[in-house]
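Quick look at model-v2.pdb (PDB, C-alpha atoms, pLDDT in the B column):
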ATOM      1  CA  LEU A   1      -8.640  -0.519 -12.666  1.00 57.00           C
ATOM      2  CA  ALA A   2      -7.462   2.864 -13.791  1.00 65.00           C
ATOM      3  CA  LYS A   3      -3.743   3.076 -14.431  1.00 85.00           C
ATOM      4  CA  THR A   4      -1.814   5.921 -12.890  1.00 92.00           C
ATOM      5  CA  THR A   5       1.288   7.736 -14.080  1.00 94.00           C
ATOM      6  CA  GLN A   6       3.501   9.774 -11.763  1.00 96.00           C
ATOM      7  CA  PRO A   7       6.973  11.275 -12.010  1.00 97.00           C
ATOM      8  CA  ILE A   8       9.559   8.778 -10.841  1.00 96.00           C
ATOM      9  CA  SER A   9      11.301  11.229  -8.567  1.00 97.00           C
ATOM     10  CA  MET A  10      11.311  14.817  -7.358  1.00 97.00           C
ATOM     11  CA  ASP A  11      13.717  16.929  -5.360  1.00 98.00           C
ATOM     12  CA  SER A  12      12.792  19.795  -3.091  1.00 98.00           C
ATOM     13  CA  TYR A  13      14.189  21.874  -0.256  1.00 97.00           C
ATOM     14  CA  GLU A  14      12.964  22.305   3.255  1.00 97.00           C
ATOM     15  CA  GLY A  15      10.215  24.865   3.596  1.00 97.00           C
ATOM     16  CA  GLN A  16       9.090  24.669  -0.017  1.00 97.00           C
ATOM     17  CA  GLU A  17       5.718  23.599  -1.270  1.00 97.00           C
ATOM     18  CA  VAL A  18       5.793  20.380  -3.259  1.00 98.00           C
ATOM     19  CA  ASN A  19       3.220  19.444  -5.866  1.00 98.00           C
ATOM     20  CA  ILE A  20       3.124  15.907  -7.229  1.00 98.00           C
ATOM     21  CA  THR A  21       0.854  15.299 -10.188  1.00 97.00           C
ATOM     22  CA  CYS A  22      -0.702  11.993 -11.114  1.00 96.00           C
ATOM     23  CA  SER A  23      -2.358  11.162 -14.437  1.00 95.00           C
ATOM     24  CA  HIS A  24      -5.280   8.761 -14.519  1.00 93.00           C
ATOM     25  CA  ASN A  25      -6.926   9.129 -17.902  1.00 93.00           C
ATOM     26  CA  ASN A  26      -9.131   6.048 -17.544  1.00 91.00           C
ATOM     27  CA  ILE A  27     -10.654   6.933 -14.202  1.00 92.00           C
ATOM     28  CA  ALA A  28     -14.163   5.538 -13.793  1.00 90.00           C
ATOM     29  CA  THR A  29     -17.220   7.274 -12.404  1.00 91.00           C
ATOM     30  CA  ASN A  30     -17.087   5.386  -9.099  1.00 86.00           C
ATOM     31  CA  ASP A  31     -13.360   5.794  -8.599  1.00 88.00           C
ATOM     32  CA  TYR A  32     -11.816   7.856  -5.858  1.00 89.00           C
ATOM     33  CA  ILE A  33      -8.249   9.165  -5.860  1.00 92.00           C
ATOM     34  CA  THR A  34      -6.145   8.272  -2.857  1.00 91.00           C
ATOM     35  CA  TRP A  35      -2.572   9.122  -1.957  1.00 94.00           C
ATOM     36  CA  TYR A  36      -0.306   7.109   0.285  1.00 94.00           C
ATOM     37  CA  GLN A  37       3.124   7.806   1.740  1.00 97.00           C
ATOM     38  CA  GLN A  38       5.722   5.129   2.331  1.00 97.00           C
ATOM     39  CA  PHE A  39       8.952   5.351   4.268  1.00 96.00           C
ATOM     40  CA  PRO A  40      11.667   2.719   3.791  1.00 93.00           C
ATOM     41  CA  SER A  41      10.874  -0.609   5.422  1.00 92.00           C
ATOM     42  CA  GLN A  42       7.404   0.519   6.498  1.00 94.00           C
ATOM     43  CA  GLY A  43       3.922  -0.076   5.211  1.00 94.00           C
ATOM     44  CA  PRO A  44       2.207   2.736   3.283  1.00 94.00           C
ATOM     45  CA  ARG A  45       0.327   5.364   5.218  1.00 92.00           C
ATOM     46  CA  PHE A  46      -2.864   7.080   4.069  1.00 90.00           C
ATOM     47  CA  ILE A  47      -2.448  10.775   3.311  1.00 93.00           C
ATOM     48  CA  ILE A  48      -5.582  12.024   1.626  1.00 93.00           C
ATOM     49  CA  GLN A  49      -8.465  11.019  -0.592  1.00 91.00           C
ATOM     50  CA  GLY A  50     -10.788  12.910  -2.899  1.00 92.00           C
ATOM     51  CA  TYR A  51     -13.346  12.574  -5.647  1.00 93.00           C
ATOM     52  CA  LYS A  52     -13.430  16.007  -7.229  1.00 93.00           C
ATOM     53  CA  THR A  53     -12.381  19.636  -6.733  1.00 92.00           C
ATOM     54  CA  LYS A  54     -10.245  20.211  -3.665  1.00 96.00           C
ATOM     55  CA  VAL A  55      -9.727  18.353  -0.438  1.00 96.00           C
ATOM     56  CA  THR A  56      -7.568  19.564   2.420  1.00 96.00           C
ATOM     57  CA  ASN A  57      -6.519  17.981   5.679  1.00 95.00           C
ATOM     58  CA  GLU A  58      -3.886  18.698   8.277  1.00 94.00           C
ATOM     59  CA  VAL A  59      -1.021  17.361   6.179  1.00 94.00           C
ATOM     60  CA  ALA A  60      -1.865  17.925   2.511  1.00 97.00           C
ATOM     61  CA  SER A  61      -4.213  19.201  -0.131  1.00 98.00           C
ATOM     62  CA  LEU A  62      -5.514  17.348  -3.131  1.00 98.00           C
ATOM     63  CA  PHE A  63      -6.558  19.173  -6.268  1.00 98.00           C
ATOM     64  CA  ILE A  64      -8.706  17.403  -8.833  1.00 97.00           C
ATOM     65  CA  PRO A  65      -9.795  19.137 -12.040  1.00 97.00           C
ATOM     66  CA  ALA A  66     -13.284  18.812 -13.426  1.00 96.00           C
ATOM     67  CA  ASP A  67     -12.406  16.037 -15.879  1.00 96.00           C
ATOM     68  CA  ARG A  68     -10.736  14.041 -13.066  1.00 96.00           C
ATOM     69  CA  LYS A  69      -8.097  12.738 -15.442  1.00 96.00           C
ATOM     70  CA  SER A  70      -5.347  13.959 -13.182  1.00 96.00           C
ATOM     71  CA  SER A  71      -4.794  15.023  -9.607  1.00 96.00           C
ATOM     72  CA  THR A  72      -2.170  16.959  -7.707  1.00 98.00           C
ATOM     73  CA  LEU A  73      -1.000  16.266  -4.201  1.00 98.00           C
ATOM     74  CA  SER A  74       0.262  19.428  -2.535  1.00 98.00           C
ATOM     75  CA  LEU A  75       2.525  19.258   0.501  1.00 98.00           C
ATOM     76  CA  PRO A  76       2.952  22.668   2.128  1.00 95.00           C
ATOM     77  CA  ARG A  77       6.354  23.602   3.559  1.00 94.00           C
ATOM     78  CA  VAL A  78       8.014  20.206   3.391  1.00 97.00           C
ATOM     79  CA  SER A  79      10.608  19.091   5.910  1.00 97.00           C
ATOM     80  CA  LEU A  80      13.343  16.481   5.755  1.00 97.00           C
ATOM     81  CA  SER A  81      10.966  13.957   7.282  1.00 97.00           C
ATOM     82  CA  ASP A  82       8.722  14.193   4.227  1.00 97.00           C
ATOM     83  CA  THR A  83      11.350  12.352   2.207  1.00 98.00           C
ATOM     84  CA  ALA A  84       9.442   9.260   1.126  1.00 98.00           C
ATOM     85  CA  VAL A  85       7.718   7.572  -1.778  1.00 98.00           C
ATOM     86  CA  TYR A  86       4.257   8.884  -2.605  1.00 98.00           C
ATOM     87  CA  TYR A  87       1.740   6.701  -4.369  1.00 96.00           C
ATOM     88  CA  CYS A  88      -1.362   7.801  -6.228  1.00 94.00           C
ATOM     89  CA  LEU A  89      -4.098   5.166  -6.371  1.00 91.00           C
ATOM     90  CA  VAL A  90      -7.380   5.225  -8.197  1.00 89.00           C
ATOM     91  CA  GLY A  91     -10.213   2.866  -7.483  1.00 84.00           C
ATOM     92  CA  ASP A  92     -13.688   2.281  -6.182  1.00 77.00           C
ATOM     93  CA  THR A  93     -13.242   2.496  -2.453  1.00 67.00           C
ATOM     94  CA  GLY A  94     -16.899   2.058  -1.684  1.00 61.00           C
ATOM     95  CA  ASN A  95     -16.312  -1.639  -1.285  1.00 61.00           C
ATOM     96  CA  ALA A  96     -13.822  -2.621   1.390  1.00 55.00           C
ATOM     97  CA  GLY A  97     -13.180  -5.814  -0.552  1.00 58.00           C
ATOM     98  CA  ASN A  98     -11.782  -3.947  -3.517  1.00 68.00           C
ATOM     99  CA  MET A  99      -8.058  -4.290  -3.917  1.00 69.00           C
ATOM    100  CA  LEU A 100      -5.669  -1.389  -4.139  1.00 76.00           C
ATOM    101  CA  THR A 101      -3.262  -1.451  -7.063  1.00 79.00           C
ATOM    102  CA  PHE A 102      -0.074   0.509  -6.674  1.00 86.00           C
ATOM    103  CA  GLY A 103       1.693   2.248  -9.519  1.00 86.00           C
ATOM    104  CA  GLY A 104       5.330   3.222  -9.544  1.00 90.00           C
ATOM    105  CA  GLY A 105       5.096   6.050  -7.052  1.00 95.00           C
ATOM    106  CA  THR A 106       7.125   9.260  -6.807  1.00 97.00           C
ATOM    107  CA  ARG A 107      10.281   9.294  -4.760  1.00 97.00           C
ATOM    108  CA  LEU A 108      10.477  12.687  -3.064  1.00 98.00           C
ATOM    109  CA  MET A 109      13.821  13.813  -1.714  1.00 98.00           C
ATOM    110  CA  VAL A 110      13.759  16.844   0.557  1.00 98.00           C
ATOM    111  CA  LYS A 111      17.125  18.504   0.979  1.00 97.00           C
ATOM    112  CA  PRO A 112      18.245  20.860   3.731  1.00 95.00           C
TER     113      PRO A 112
ATOM    114  CA  GLY B   1      -7.313   5.280  13.533  1.00 62.00           C
ATOM    115  CA  ALA B   2      -7.526   1.605  12.794  1.00 69.00           C
ATOM    116  CA  VAL B   3      -4.408  -0.463  13.295  1.00 89.00           C
ATOM    117  CA  VAL B   4      -3.082  -3.402  11.349  1.00 93.00           C
ATOM    118  CA  SER B   5      -0.254  -5.270  12.994  1.00 94.00           C
ATOM    119  CA  GLN B   6       2.175  -7.653  11.333  1.00 96.00           C
ATOM    120  CA  HIS B   7       4.458 -10.138  13.014  1.00 96.00           C
ATOM    121  CA  PRO B   8       7.335 -10.696  12.807  1.00 97.00           C
ATOM    122  CA  SER B   9       8.835  -7.482  11.485  1.00 96.00           C
ATOM    123  CA  ARG B  10      11.985  -9.299  10.438  1.00 97.00           C
ATOM    124  CA  VAL B  11      12.795 -12.933   9.880  1.00 97.00           C
ATOM    125  CA  ILE B  12      15.785 -14.813   8.570  1.00 97.00           C
ATOM    126  CA  CYS B  13      15.345 -18.411   7.570  1.00 96.00           C
ATOM    127  CA  LYS B  14      17.273 -21.123   5.832  1.00 97.00           C
ATOM    128  CA  SER B  15      16.489 -22.267   2.321  1.00 97.00           C
ATOM    129  CA  GLY B  16      13.902 -24.997   2.264  1.00 97.00           C
ATOM    130  CA  THR B  17      12.179 -24.010   5.481  1.00 97.00           C
ATOM    131  CA  SER B  18       8.769 -22.400   5.855  1.00 97.00           C
ATOM    132  CA  VAL B  19       7.962 -19.054   7.407  1.00 98.00           C
ATOM    133  CA  LYS B  20       4.619 -17.813   8.699  1.00 98.00           C
ATOM    134  CA  ILE B  21       3.714 -14.125   8.772  1.00 98.00           C
ATOM    135  CA  GLU B  22       0.717 -12.933  10.761  1.00 97.00           C
ATOM    136  CA  CYS B  23      -1.472  -9.961   9.996  1.00 96.00           C
ATOM    137  CA  ARG B  24      -3.958  -8.766  12.586  1.00 95.00           C
ATOM    138  CA  SER B  25      -6.554  -6.036  12.544  1.00 92.00           C
ATOM    139  CA  LEU B  26      -6.428  -4.792  16.112  1.00 91.00           C
ATOM    140  CA  ASP B  27      -9.543  -2.679  16.471  1.00 86.00           C
ATOM    141  CA  PHE B  28     -11.784  -3.631  13.609  1.00 86.00           C
ATOM    142  CA  GLN B  29     -12.992  -6.696  11.792  1.00 86.00           C
ATOM    143  CA  ALA B  30     -11.655  -7.346   8.339  1.00 84.00           C
ATOM    144  CA  THR B  31     -13.471  -9.774   6.103  1.00 81.00           C
ATOM    145  CA  THR B  32     -10.903  -9.050   3.436  1.00 85.00           C
ATOM    146  CA  MET B  33      -7.173  -8.608   3.787  1.00 90.00           C
ATOM    147  CA  PHE B  34      -4.575  -8.120   1.096  1.00 92.00           C
ATOM    148  CA  TRP B  35      -1.016  -9.376   0.859  1.00 95.00           C
ATOM    149  CA  TYR B  36       1.644  -7.461  -1.030  1.00 95.00           C
ATOM    150  CA  ARG B  37       5.275  -8.070  -1.818  1.00 97.00           C
ATOM    151  CA  GLN B  38       7.774  -5.320  -2.388  1.00 97.00           C
ATOM    152  CA  PHE B  39      11.292  -5.688  -3.749  1.00 95.00           C
ATOM    153  CA  PRO B  40      13.909  -2.977  -3.132  1.00 92.00           C
ATOM    154  CA  LYS B  41      13.250   0.289  -4.948  1.00 90.00           C
ATOM    155  CA  GLN B  42      10.042  -1.115  -6.435  1.00 93.00           C
ATOM    156  CA  SER B  43       6.368  -0.601  -5.852  1.00 93.00           C
ATOM    157  CA  LEU B  44       4.036  -2.891  -3.946  1.00 94.00           C
ATOM    158  CA  MET B  45       2.788  -5.860  -5.918  1.00 94.00           C
ATOM    159  CA  LEU B  46      -0.474  -7.438  -4.898  1.00 92.00           C
ATOM    160  CA  MET B  47      -0.008 -11.159  -4.290  1.00 95.00           C
ATOM    161  CA  ALA B  48      -3.402 -12.266  -3.096  1.00 93.00           C
ATOM    162  CA  THR B  49      -6.684 -11.304  -1.548  1.00 90.00           C
ATOM    163  CA  SER B  50      -7.463 -13.116   1.669  1.00 87.00           C
ATOM    164  CA  ASN B  51     -11.128 -13.741   2.402  1.00 82.00           C
ATOM    165  CA  GLU B  52     -12.317 -14.769   5.842  1.00 82.00           C
ATOM    166  CA  GLY B  53     -13.667 -18.281   5.829  1.00 82.00           C
ATOM    167  CA  SER B  54     -12.893 -19.015   2.206  1.00 84.00           C
ATOM    168  CA  LYS B  55     -10.001 -19.552  -0.149  1.00 87.00           C
ATOM    169  CA  ALA B  56      -7.694 -16.756  -1.050  1.00 91.00           C
ATOM    170  CA  THR B  57      -7.673 -15.267  -4.521  1.00 92.00           C
ATOM    171  CA  TYR B  58      -4.195 -15.175  -6.001  1.00 94.00           C
ATOM    172  CA  GLU B  59      -2.882 -12.778  -8.601  1.00 93.00           C
ATOM    173  CA  GLN B  60      -1.543 -14.146 -11.836  1.00 93.00           C
ATOM    174  CA  GLY B  61       1.938 -15.540 -11.460  1.00 94.00           C
ATOM    175  CA  VAL B  62       1.721 -16.087  -7.701  1.00 95.00           C
ATOM    176  CA  GLU B  63       2.024 -19.750  -6.715  1.00 94.00           C
ATOM    177  CA  LYS B  64      -0.768 -20.609  -4.311  1.00 93.00           C
ATOM    178  CA  ASP B  65       1.002 -23.748  -3.119  1.00 95.00           C
ATOM    179  CA  LYS B  66       4.074 -21.763  -2.225  1.00 96.00           C
ATOM    180  CA  PHE B  67       2.346 -18.822  -0.569  1.00 97.00           C
ATOM    181  CA  LEU B  68      -0.309 -20.321   1.664  1.00 96.00           C
ATOM    182  CA  ILE B  69      -2.885 -17.903   2.984  1.00 94.00           C
ATOM    183  CA  ASN B  70      -5.259 -18.613   5.821  1.00 91.00           C
ATOM    184  CA  HIS B  71      -7.892 -16.169   7.023  1.00 89.00           C
ATOM    185  CA  ALA B  72      -9.447 -18.097   9.856  1.00 82.00           C
ATOM    186  CA  SER B  73     -10.998 -15.195  11.732  1.00 89.00           C
ATOM    187  CA  LEU B  74     -12.182 -11.673  11.127  1.00 88.00           C
ATOM    188  CA  THR B  75      -9.017 -10.269  12.683  1.00 92.00           C
ATOM    189  CA  LEU B  76      -6.265 -12.589  11.530  1.00 93.00           C
ATOM    190  CA  SER B  77      -4.774 -13.608   8.220  1.00 93.00           C
ATOM    191  CA  THR B  78      -1.549 -15.547   7.850  1.00 95.00           C
ATOM    192  CA  LEU B  79       0.830 -15.909   4.939  1.00 97.00           C
ATOM    193  CA  THR B  80       3.117 -18.927   4.959  1.00 97.00           C
ATOM    194  CA  VAL B  81       6.043 -18.978   2.577  1.00 98.00           C
ATOM    195  CA  THR B  82       6.727 -22.659   2.063  1.00 97.00           C
ATOM    196  CA  SER B  83      10.069 -24.133   1.058  1.00 97.00           C
ATOM    197  CA  ALA B  84      11.575 -20.686   0.970  1.00 97.00           C
ATOM    198  CA  HIS B  85      14.361 -19.844  -1.453  1.00 97.00           C
ATOM    199  CA  PRO B  86      16.659 -16.819  -1.581  1.00 97.00           C
ATOM    200  CA  GLU B  87      14.568 -15.302  -4.386  1.00 96.00           C
ATOM    201  CA  ASP B  88      11.635 -15.172  -1.939  1.00 97.00           C
ATOM    202  CA  SER B  89      13.560 -12.645   0.111  1.00 97.00           C
ATOM    203  CA  SER B  90      11.433  -9.534   0.065  1.00 97.00           C
ATOM    204  CA  PHE B  91       9.321  -7.131   2.090  1.00 97.00           C
ATOM    205  CA  TYR B  92       5.837  -8.537   2.662  1.00 98.00           C
ATOM    206  CA  ILE B  93       3.022  -6.177   3.624  1.00 97.00           C
ATOM    207  CA  CYS B  94      -0.568  -6.849   4.549  1.00 96.00           C
ATOM    208  CA  SER B  95      -3.485  -4.478   4.334  1.00 92.00           C
ATOM    209  CA  ALA B  96      -7.064  -4.380   5.486  1.00 88.00           C
ATOM    210  CA  ARG B  97      -9.977  -2.028   5.278  1.00 77.00           C
ATOM    211  CA  ASP B  98     -12.515  -1.317   7.950  1.00 70.00           C
ATOM    212  CA  TRP B  99     -16.028  -1.677   6.559  1.00 64.00           C
ATOM    213  CA  GLY B 100     -17.032   1.273   8.655  1.00 64.00           C
ATOM    214  CA  LYS B 101     -14.381   3.396   6.939  1.00 62.00           C
ATOM    215  CA  GLY B 102     -14.405   2.023   3.435  1.00 55.00           C
ATOM    216  CA  ALA B 103     -12.185   4.691   1.962  1.00 57.00           C
ATOM    217  CA  GLU B 104      -8.976   4.160   3.846  1.00 69.00           C
ATOM    218  CA  ALA B 105      -6.808   1.068   3.706  1.00 79.00           C
ATOM    219  CA  PHE B 106      -4.618   0.353   6.709  1.00 87.00           C
ATOM    220  CA  PHE B 107      -1.277  -1.308   6.232  1.00 92.00           C
ATOM    221  CA  GLY B 108       0.831  -3.399   8.524  1.00 95.00           C
ATOM    222  CA  GLN B 109       4.379  -2.357   9.225  1.00 95.00           C
ATOM    223  CA  GLY B 110       5.682  -5.035   6.895  1.00 96.00           C
ATOM    224  CA  THR B 111       7.846  -8.117   7.328  1.00 97.00           C
ATOM    225  CA  ARG B 112      11.369  -8.247   5.970  1.00 97.00           C
ATOM    226  CA  LEU B 113      12.062 -11.838   4.954  1.00 98.00           C
ATOM    227  CA  THR B 114      15.623 -12.906   4.247  1.00 98.00           C
ATOM    228  CA  VAL B 115      16.241 -16.438   3.046  1.00 97.00           C
ATOM    229  CA  VAL B 116      19.822 -17.617   3.354  1.00 97.00           C
TER     230      VAL B 116
END
Please go through the file and, once you have read it, give me the structure as structure tokens.
Amino acid sequence: LAKTTQPISMDSYEGQEVNITCSHNNIATNDYITWYQQFPSQGPRFIIQGYKTKVTNEVASLFIPADRKSSTLSLPRVSLSDTAVYYCLVGDTGNAGNMLTFGGGTRLMVKP
Amino acid sequence: GAVVSQHPSRVICKSGTSVKIECRSLDFQATTMFWYRQFPKQSLMLMATSNEGSKATYEQGVEKDKFLINHASLTLSTLTVTSAHPEDSSFYICSARDWGKGAEAFFGQGTRLTVV
């Protein structure tokens, strides 16, 4: 399983764009990159997943360079409610039996 | 989207007693479910993989006799913390993936266990 490295914490202000980068130097060919969000005392919630280049959905964008050794989660115009821990996971999601291994995550604090 | 439900959301028990936590996939069948434990300000740690109709696979360092896992049906897995001690107090979270949507893992809302 590819190990991931993220900043421990980040601060931002309401209305700003936040970019959280994750390093995964040992990513394998079959691995996808998935980001989850977790609020205190709740289970993680899926945000976005990608394999290469750029993926965008209604809440975030995910940028993955050609070598796939890193990825960047972009949250446009954050609000106070985006204060949470964000986890970057790398793994082969083609098999529903494959476990998900969580790294340390990034604690995002959005200030007014 | 798919829903995974955990029960109870909070439980307080006395030392030495056992506590059962249920994890249900409400609108899909899950042949595999995962149990995590999370201590304050820390990440999720995988405890075990629960396989329907067979024995669970435990991660290194997790006592299988203390954390009993039963996955009797395609929609239900249970985690029983036996002879609980205060150090077992933690946030327990289950997860499952829908075979039809292999990419996304769905997590329960978690169970806060406090052993007094």
The ChimeraX specification (/A :<10) & /B resolved against shown file, as a ChimeraX atom specification: /B:4,6,9,30-36,38,40-46,48-51,91-112
What does the PyMOL selection byres ((chain A and resi 84) around 9) select in this file, as a VMD selection string? chain A and resid 37 to 40 81 to 83 85 to 86 106 to 110
Which residues, named as in the file, does the PyMOL selection byres ((chain A and resi 10-12) around 9) pick out? Answer as a PyMOL selection string. chain A and resi 7-9+13-18+20+78+106-112
With all atoms listed in the file as the atoms that count, which of B:Thr114, B:Gln29, B:Gln60, B:Ser90 lies nearest to Ser73 in chain B? B:Gln29
Within 6 Å of Glu52 in chain B using only C-alpha atoms, minus same-chain residues under 2 positions, as an NGL selection string: :B and (31 or 54 or 71-72)
Quick one, how far is CA of Ser74 in chain A from CA of Phe39 in chain B? 27.5 Å
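Excluding Ser77 in chain B and any residue on its chain fewer than 6 positions from it, the residues at most 7 Å away by only C-alpha atoms are Glu22, Cys23, Arg24, Asn70 and His71 of chain B.
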Which centre and which edge lengths, in Å to one decimal, describe the axis-aligned box that holds all listed atoms of range 11-17 of chain A after 3 Å is added on each side, as JSON?
{"center_x": 10.0, "center_y": 20.9, "center_z": -0.9, "size_x": 14.5, "size_y": 13.9, "size_z": 15.0}
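Atom pair CA of Asn26 in chain A / CA of Val59 in chain A: separated by 27.5 Å.
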Got a sec: who's within 9 Å of His85 in chain B, counting all atoms listed in the file, leaving out chain neighbours fewer than 2 positions off, as a compact mmCIF listing (two decimals) with C-alpha atoms, in the frame of the given file?
# COMPACT_ATOMS: atom_id res chain seq x y z
CA LYS B 14 17.27 -21.12 5.83
CA SER B 15 16.49 -22.27 2.32
CA GLY B 16 13.90 -25.00 2.26
CA THR B 17 12.18 -24.01 5.48
CA THR B 82 6.73 -22.66 2.06
CA SER B 83 10.07 -24.13 1.06
CA GLU B 87 14.57 -15.30 -4.39
CA ASP B 88 11.64 -15.17 -1.94
CA SER B 89 13.56 -12.64 0.11
CA VAL B 115 16.24 -16.44 3.05
CA VAL B 116 19.82 -17.62 3.35
What is the distance between CA of Leu68 in chain B and CA of Leu26 in chain B, in Å to one decimal? 22.1 Å
Point out the residue among A:Asn57, A:Asn30, A:Ser71, A:Ser23 with the least atom-to-atom distance to Thr4 in chain A, counting all atoms listed in the file. A:Ser23
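Comparing the minimum interatomic distances between Leu73 in chain A and each of A:Val90, A:Tyr51, A:Ile27, A:Cys22, counting all atoms listed in the file, we find that A:Cys22 sits nearest.
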Which residues, protein or nucleic acid, reach to within 10 Å of (-8.7, 17.9, -11.8) in the file's coordinates when using all atoms listed in the file, and can you give that as a PyMOL selection string? chain A and resi 22-23+51-54+62-72
Write out N, CA and C atoms for range 105-116 of chain B, as a PDB file, in the frame of the given file.
ATOM      1  N   ALA B 105      -7.420   2.367   3.467  1.00 79.00           N
ATOM      2  CA  ALA B 105      -6.808   1.068   3.706  1.00 79.00           C
ATOM      3  C   ALA B 105      -5.705   1.231   4.736  1.00 79.00           C
ATOM      4  N   PHE B 106      -5.630   0.315   5.661  1.00 87.00           N
ATOM      5  CA  PHE B 106      -4.618   0.353   6.709  1.00 87.00           C
ATOM      6  C   PHE B 106      -3.599  -0.753   6.439  1.00 87.00           C
ATOM      7  N   PHE B 107      -2.351  -0.380   6.548  1.00 92.00           N
ATOM      8  CA  PHE B 107      -1.277  -1.308   6.232  1.00 92.00           C
ATOM      9  C   PHE B 107      -0.506  -1.711   7.478  1.00 92.00           C
ATOM     10  N   GLY B 108      -0.067  -2.962   7.479  1.00 95.00           N
ATOM     11  CA  GLY B 108       0.831  -3.399   8.524  1.00 95.00           C
ATOM     12  C   GLY B 108       2.200  -2.771   8.325  1.00 95.00           C
ATOM     13  N   GLN B 109       3.048  -2.972   9.292  1.00 95.00           N
ATOM     14  CA  GLN B 109       4.379  -2.357   9.225  1.00 95.00           C
ATOM     15  C   GLN B 109       5.324  -3.124   8.318  1.00 95.00           C
ATOM     16  N   GLY B 110       4.867  -4.269   7.823  1.00 96.00           N
ATOM     17  CA  GLY B 110       5.682  -5.035   6.895  1.00 96.00           C
ATOM     18  C   GLY B 110       6.574  -6.052   7.586  1.00 96.00           C
ATOM     19  N   THR B 111       6.947  -7.074   6.840  1.00 97.00           N
ATOM     20  CA  THR B 111       7.846  -8.117   7.328  1.00 97.00           C
ATOM     21  C   THR B 111       8.992  -8.280   6.340  1.00 97.00           C
ATOM     22  N   ARG B 112      10.187  -8.076   6.824  1.00 97.00           N
ATOM     23  CA  ARG B 112      11.369  -8.247   5.970  1.00 97.00           C
ATOM     24  C   ARG B 112      11.816  -9.696   6.068  1.00 97.00           C
ATOM     25  N   LEU B 113      11.661 -10.438   4.985  1.00 98.00           N
ATOM     26  CA  LEU B 113      12.062 -11.838   4.954  1.00 98.00           C
ATOM     27  C   LEU B 113      13.389 -11.966   4.208  1.00 98.00           C
ATOM     28  N   THR B 114      14.340 -12.611   4.874  1.00 98.00           N
ATOM     29  CA  THR B 114      15.623 -12.906   4.247  1.00 98.00           C
ATOM     30  C   THR B 114      15.838 -14.411   4.287  1.00 98.00           C
ATOM     31  N   VAL B 115      16.015 -14.997   3.131  1.00 97.00           N
ATOM     32  CA  VAL B 115      16.241 -16.438   3.046  1.00 97.00           C
ATOM     33  C   VAL B 115      17.715 -16.662   2.696  1.00 97.00           C
ATOM     34  N   VAL B 116      18.376 -17.411   3.561  1.00 97.00           N
ATOM     35  CA  VAL B 116      19.822 -17.617   3.354  1.00 97.00           C
ATOM     36  C   VAL B 116      20.116 -19.071   2.993  1.00 97.00           C
TER      37      VAL B 116
END
